[in-house]
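To start, the structure itself, in structure tokens.
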Amino acid sequence: MQMLTKQDYAEIRTWVYRNARPLELSLWQYFFENGNKTDVLTALCFYQNSDGGFGHALEPDNWNPVSSPYTTLYAANTLKSIDFTDTAHPVYTGILRYLDSGAHYTDEHGWLFSIPSNNDHAHAPWWTYSPEANTCESTGLTAELAAFILRTIEPNTRLYKQAMDQAGRIIAIITTPGKLGEMSIGGFNVLLDTAEKLGLSATLGAGQARETLRQLVHDSIVRDTSSWETYCPRPSNYIKSPNSPYYADNAVIVQTELDYLIKTRPAGSVWDIQWTWFDLSEKYAGELAVSTNWWKAIMAVEKMRYLKSFDRVETSI
């Protein structure tokens with residue numbers, strides 16, 4: 001079994017301190033150095049617009065400054081990661097105002113994955129506005145936004161009802177899956193976890209959804225490690241700790257990924273990312289270079305959390 005040594009940890013920490021944005025540095029300090037939530041909130045709120053939504057390349061592959069549903073979800077997930085639950089805080093009230101304003105982007109499939117103004121700014125090709133792609137990719141986004149709303153606000157409001165309607169529609173998709181977007185399984189899992197914790201499973205008709213999702217997770221994971229050099233679903237996409245309901249069925253491949261991460265980290269640095277902007281790489285070469293460095297810091301924090309959760313880090317952090 002591979003272990004991340006104290007020297008490995010020191011190299012990763014040094015890289016993060018030299019290269020990360022203030023947000024990722026504050027997250028590193030929070031997760032590994034007894035940092036505080038206030039520093040994370042301070043850094044995060046610089047990406048929030050006056051409408052309450054988030055933009056400004058908070059998600060580094062999309063440099064659109066305009067608030068979008070996905071970038072706003074990215075912010076909500078950052079709050080969730082640090083267990084910040086003060087829903088009276090302006091960051092929360094702003095997000096809810098944005099989602100409830102009528103100015104956000106929705107269609108019959110839910111909140112839009114990509115929005116038209118993305119095309120006016122540097123972005124990866126998957127963020128190019130596409131009504132066709134939205135019909136597929138919006139499902140997972142909508143599942144997570146619905147879950148965020150259900151766990152954040154009281155019932156008997158317009159936004160809560162909207163979230164319940166979307167949640168019920170998506171639960172039906174889980175149990176009768178067809179063509180799914182890349183983030184759908186992750187979104188399904190967040191929604192199902194939320195429904196179970198809030199006692200809404202019966203109301204939403206989610207009785208069989210967990211077993212269906214268990215199979216979807218198992219089948220989605222790419223088990224050929226030679227494919228991991230490029231972007232593809234790995235165990236860590238869905239299984240974050242030994243407490244995951246999907247760990248028992250995938251324990252061997254999870255341990256394989258943990259070994260793989262430790263063996264493949266470049267000496268003196270952090271892990272490379274497995275994607276590029278393809279046909280837009282030349283057009284936005286400068287932005288892509290910056291985005292790549294931002295992503296490396298984001299992924300360094302995520303991978304270190306993953307390794308730590310499975311006790312693969314030698315040093316006490």
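Each chain in the structure tokens gets a letter, A, B, ..., in the order shown, and its residues are numbered from 1; ligands are numbered from 1 in order too.
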**Q.** Contact residues around A:Tyr74 with only C-alpha atoms at 12 Å, ignoring same-chain residues under 6 positions, as JSON, numbers by chain
**A.** {"A": [44, 47, 48, 53, 54, 55, 56, 57, 58, 59, 60, 62, 67, 68, 80, 81, 95, 113, 141, 144, 145, 148]}
Just the selected residues (N, CA and C atoms), exported as a PDB file, in the first residue's frame, please.
ATOM      1  N   LEU A  44     -14.223  33.726  -1.207  1.00  0.00           N
ATOM      2  CA  LEU A  44     -15.301  33.296  -2.089  1.00  0.00           C
ATOM      3  C   LEU A  44     -16.188  34.459  -2.500  1.00  0.00           C
ATOM      4  N   TYR A  47     -16.199  36.676  -5.738  1.00  0.00           N
ATOM      5  CA  TYR A  47     -16.728  36.178  -7.009  1.00  0.00           C
ATOM      6  C   TYR A  47     -18.236  36.359  -7.127  1.00  0.00           C
ATOM      7  N   GLN A  48     -18.873  36.878  -6.078  1.00  0.00           N
ATOM      8  CA  GLN A  48     -20.332  37.023  -6.063  1.00  0.00           C
ATOM      9  C   GLN A  48     -20.742  38.351  -6.677  1.00  0.00           C
ATOM     10  N   GLY A  53     -25.738  35.856  -7.605  1.00  0.00           N
ATOM     11  CA  GLY A  53     -25.113  34.713  -8.250  1.00  0.00           C
ATOM     12  C   GLY A  53     -23.606  34.878  -8.350  1.00  0.00           C
ATOM     13  N   PHE A  54     -22.956  33.876  -8.916  1.00  0.00           N
ATOM     14  CA  PHE A  54     -21.494  33.865  -8.996  1.00  0.00           C
ATOM     15  C   PHE A  54     -21.031  33.738 -10.440  1.00  0.00           C
ATOM     16  N   GLY A  55     -19.892  34.373 -10.731  1.00  0.00           N
ATOM     17  CA  GLY A  55     -19.255  34.320 -12.041  1.00  0.00           C
ATOM     18  C   GLY A  55     -17.770  34.545 -11.889  1.00  0.00           C
ATOM     19  N   HIS A  56     -17.162  35.287 -12.836  1.00  0.00           N
ATOM     20  CA  HIS A  56     -15.772  35.754 -12.733  1.00  0.00           C
ATOM     21  C   HIS A  56     -14.750  34.625 -12.645  1.00  0.00           C
ATOM     22  N   ALA A  57     -15.000  33.533 -13.392  1.00  0.00           N
ATOM     23  CA  ALA A  57     -14.044  32.419 -13.445  1.00  0.00           C
ATOM     24  C   ALA A  57     -13.848  31.734 -12.097  1.00  0.00           C
ATOM     25  N   LEU A  58     -14.855  31.805 -11.227  1.00  0.00           N
ATOM     26  CA  LEU A  58     -14.785  30.972 -10.025  1.00  0.00           C
ATOM     27  C   LEU A  58     -14.575  29.521 -10.439  1.00  0.00           C
ATOM     28  N   GLU A  59     -15.307  29.057 -11.450  1.00  0.00           N
ATOM     29  CA  GLU A  59     -15.024  27.788 -12.117  1.00  0.00           C
ATOM     30  C   GLU A  59     -14.025  28.128 -13.219  1.00  0.00           C
ATOM     31  N   PRO A  60     -12.773  27.708 -13.097  1.00  0.00           N
ATOM     32  CA  PRO A  60     -11.702  28.283 -13.917  1.00  0.00           C
ATOM     33  C   PRO A  60     -11.804  28.056 -15.418  1.00  0.00           C
ATOM     34  N   ASN A  62     -14.413  28.716 -17.187  1.00  0.00           N
ATOM     35  CA  ASN A  62     -15.423  29.624 -17.727  1.00  0.00           C
ATOM     36  C   ASN A  62     -15.181  31.020 -17.168  1.00  0.00           C
ATOM     37  N   SER A  67     -23.287  36.058 -13.691  1.00  0.00           N
ATOM     38  CA  SER A  67     -23.755  34.954 -12.849  1.00  0.00           C
ATOM     39  C   SER A  67     -24.368  33.853 -13.705  1.00  0.00           C
ATOM     40  N   SER A  68     -24.035  32.624 -13.387  1.00  0.00           N
ATOM     41  CA  SER A  68     -24.627  31.481 -14.073  1.00  0.00           C
ATOM     42  C   SER A  68     -25.036  30.439 -13.043  1.00  0.00           C
ATOM     43  N   LYS A  80     -20.677  24.123   1.275  1.00  0.00           N
ATOM     44  CA  LYS A  80     -20.965  22.785   1.811  1.00  0.00           C
ATOM     45  C   LYS A  80     -19.684  22.092   2.251  1.00  0.00           C
ATOM     46  N   SER A  81     -18.604  22.268   1.488  1.00  0.00           N
ATOM     47  CA  SER A  81     -17.353  21.571   1.797  1.00  0.00           C
ATOM     48  C   SER A  81     -16.766  21.996   3.134  1.00  0.00           C
ATOM     49  N   ILE A  95     -27.356  33.929  -2.926  1.00  0.00           N
ATOM     50  CA  ILE A  95     -27.577  32.795  -3.819  1.00  0.00           C
ATOM     51  C   ILE A  95     -29.064  32.515  -3.975  1.00  0.00           C
ATOM     52  N   PHE A 113     -27.122  24.468 -17.956  1.00  0.00           N
ATOM     53  CA  PHE A 113     -25.711  24.162 -17.740  1.00  0.00           C
ATOM     54  C   PHE A 113     -24.831  25.246 -18.359  1.00  0.00           C
ATOM     55  N   LEU A 141     -26.897  19.294 -12.845  1.00  0.00           N
ATOM     56  CA  LEU A 141     -26.867  20.634 -12.252  1.00  0.00           C
ATOM     57  C   LEU A 141     -28.160  20.923 -11.511  1.00  0.00           C
ATOM     58  N   GLU A 144     -28.504  19.045  -8.187  1.00  0.00           N
ATOM     59  CA  GLU A 144     -27.733  19.609  -7.077  1.00  0.00           C
ATOM     60  C   GLU A 144     -28.304  20.934  -6.593  1.00  0.00           C
ATOM     61  N   LEU A 145     -28.769  21.774  -7.516  1.00  0.00           N
ATOM     62  CA  LEU A 145     -29.375  23.035  -7.086  1.00  0.00           C
ATOM     63  C   LEU A 145     -30.672  22.784  -6.323  1.00  0.00           C
ATOM     64  N   PHE A 148     -29.679  21.755  -2.878  1.00  0.00           N
ATOM     65  CA  PHE A 148     -29.234  22.919  -2.114  1.00  0.00           C
ATOM     66  C   PHE A 148     -30.430  23.711  -1.573  1.00  0.00           C
TER      67      PHE A 148
END
Q.
Run DSSP on the backbone and tell me which residues of stretch 103-246 of chain A come out as alpha helix (DSSP H); list them as a PyMOL selection string.
A. chain A and resi 131-152+158-175+184-197+209-220
Q: Once DSSP has gone over the backbone, tell me which residues of stretch 82-112 of chain A are in strand (DSSP E), as a ChimeraX atom specification.
A: /A:106-107,110-111
Q | Long-range neighbours of A:Gly52 as number ranges by chain, 9 Å cut-off, only C-alpha atoms, 5 positions minimum in chain | A | A: 67, 72, 90-99
Convert the current residue selection to file output with N, CA, C and O atoms, as a tab-separated table (two decimals), in the first residue's frame.
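Output (again_9.tsv):
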chain	number	residue	atom	x	y	z
A	67	SER	N	-23.29	36.06	-13.69
A	67	SER	CA	-23.75	34.95	-12.85
A	67	SER	C	-24.37	33.85	-13.70
A	67	SER	O	-25.13	34.13	-14.63
A	72	THR	N	-22.77	29.39	-9.73
A	72	THR	CA	-23.41	29.60	-8.43
A	72	THR	C	-23.45	28.30	-7.63
A	72	THR	O	-23.23	28.30	-6.42
A	90	PRO	N	-25.01	36.79	4.14
A	90	PRO	CA	-25.27	37.36	2.81
A	90	PRO	C	-24.91	36.45	1.64
A	90	PRO	O	-25.54	36.53	0.59
A	91	VAL	N	-23.92	35.57	1.81
A	91	VAL	CA	-23.57	34.69	0.70
A	91	VAL	C	-24.73	33.74	0.40
A	91	VAL	O	-25.04	33.46	-0.77
A	92	TYR	N	-25.40	33.26	1.45
A	92	TYR	CA	-26.54	32.38	1.25
A	92	TYR	C	-27.76	33.15	0.74
A	92	TYR	O	-28.43	32.72	-0.22
A	93	THR	N	-28.07	34.26	1.38
A	93	THR	CA	-29.25	35.02	0.96
A	93	THR	C	-29.10	35.51	-0.47
A	93	THR	O	-30.07	35.59	-1.22
A	94	GLY	N	-27.85	35.82	-0.87
A	94	GLY	CA	-27.60	36.24	-2.24
A	94	GLY	C	-27.86	35.12	-3.23
A	94	GLY	O	-28.51	35.32	-4.27
A	95	ILE	N	-27.36	33.93	-2.93
A	95	ILE	CA	-27.58	32.79	-3.82
A	95	ILE	C	-29.06	32.52	-3.98
A	95	ILE	O	-29.57	32.32	-5.09
A	96	LEU	N	-29.79	32.51	-2.87
A	96	LEU	CA	-31.22	32.23	-2.93
A	96	LEU	C	-31.97	33.34	-3.68
A	96	LEU	O	-32.92	33.06	-4.42
A	97	ARG	N	-31.53	34.57	-3.50
A	97	ARG	CA	-32.14	35.67	-4.25
A	97	ARG	C	-31.93	35.50	-5.74
A	97	ARG	O	-32.85	35.72	-6.54
A	98	TYR	N	-30.74	35.09	-6.10
A	98	TYR	CA	-30.44	34.87	-7.51
A	98	TYR	C	-31.31	33.75	-8.09
A	98	TYR	O	-31.91	33.90	-9.16
A	99	LEU	N	-31.40	32.64	-7.38
A	99	LEU	CA	-32.18	31.51	-7.88
A	99	LEU	C	-33.67	31.80	-7.94
A	99	LEU	O	-34.40	31.24	-8.75
(Q) as number ranges by chain, please: the residues near A:Glu11 (cut-off 12 Å, only C-alpha atoms, same-chain neighbours under 2 positions excluded). (A) A: 4-9, 13-18, 265-271, 300
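Near A:Thr175, within 12 Å and counting only C-alpha atoms, sit A:Gly168, A:Arg169, A:Ile170, A:Ile171, A:Ala172, A:Ile173, A:Pro177, A:Gly178, A:Ile185, A:Phe188, A:Leu192, A:Leu204, A:Gly205, A:Ala206, A:Gly207, A:Gln208, A:Ala209, A:Arg210, A:Glu211, A:Thr212, A:Leu213, A:Arg214, A:Gln215, A:Leu216, not including residues fewer than 2 positions from it in the same chain.
Here atom CA of A:Asn77 is placed at a distance of 22.4 Å from atom CA of A:Val290.
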Q: Pick out the closest residue to A:Pro22 from this set: A:Val66, A:Ala43, A:Ala75, A:Ala122. Count only C-alpha atoms.
A: A:Ala43
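The space separating atom CA of A:Trp294 from atom CA of A:Leu258 comes to 22.6 Å.
Closest to A:Leu200 among A:Met164, A:Ala20, A:Val301, A:Val217 is A:Met164, based on only C-alpha atoms.
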(Q) Env of A:Glu257: 10 Å cut, atoms = only C-alpha atoms, seq-sep filter 6 positions within chain, self excluded. Answer as a ChimeraX atom specification. (A) /A:223,225,228,234-236,251,263,307
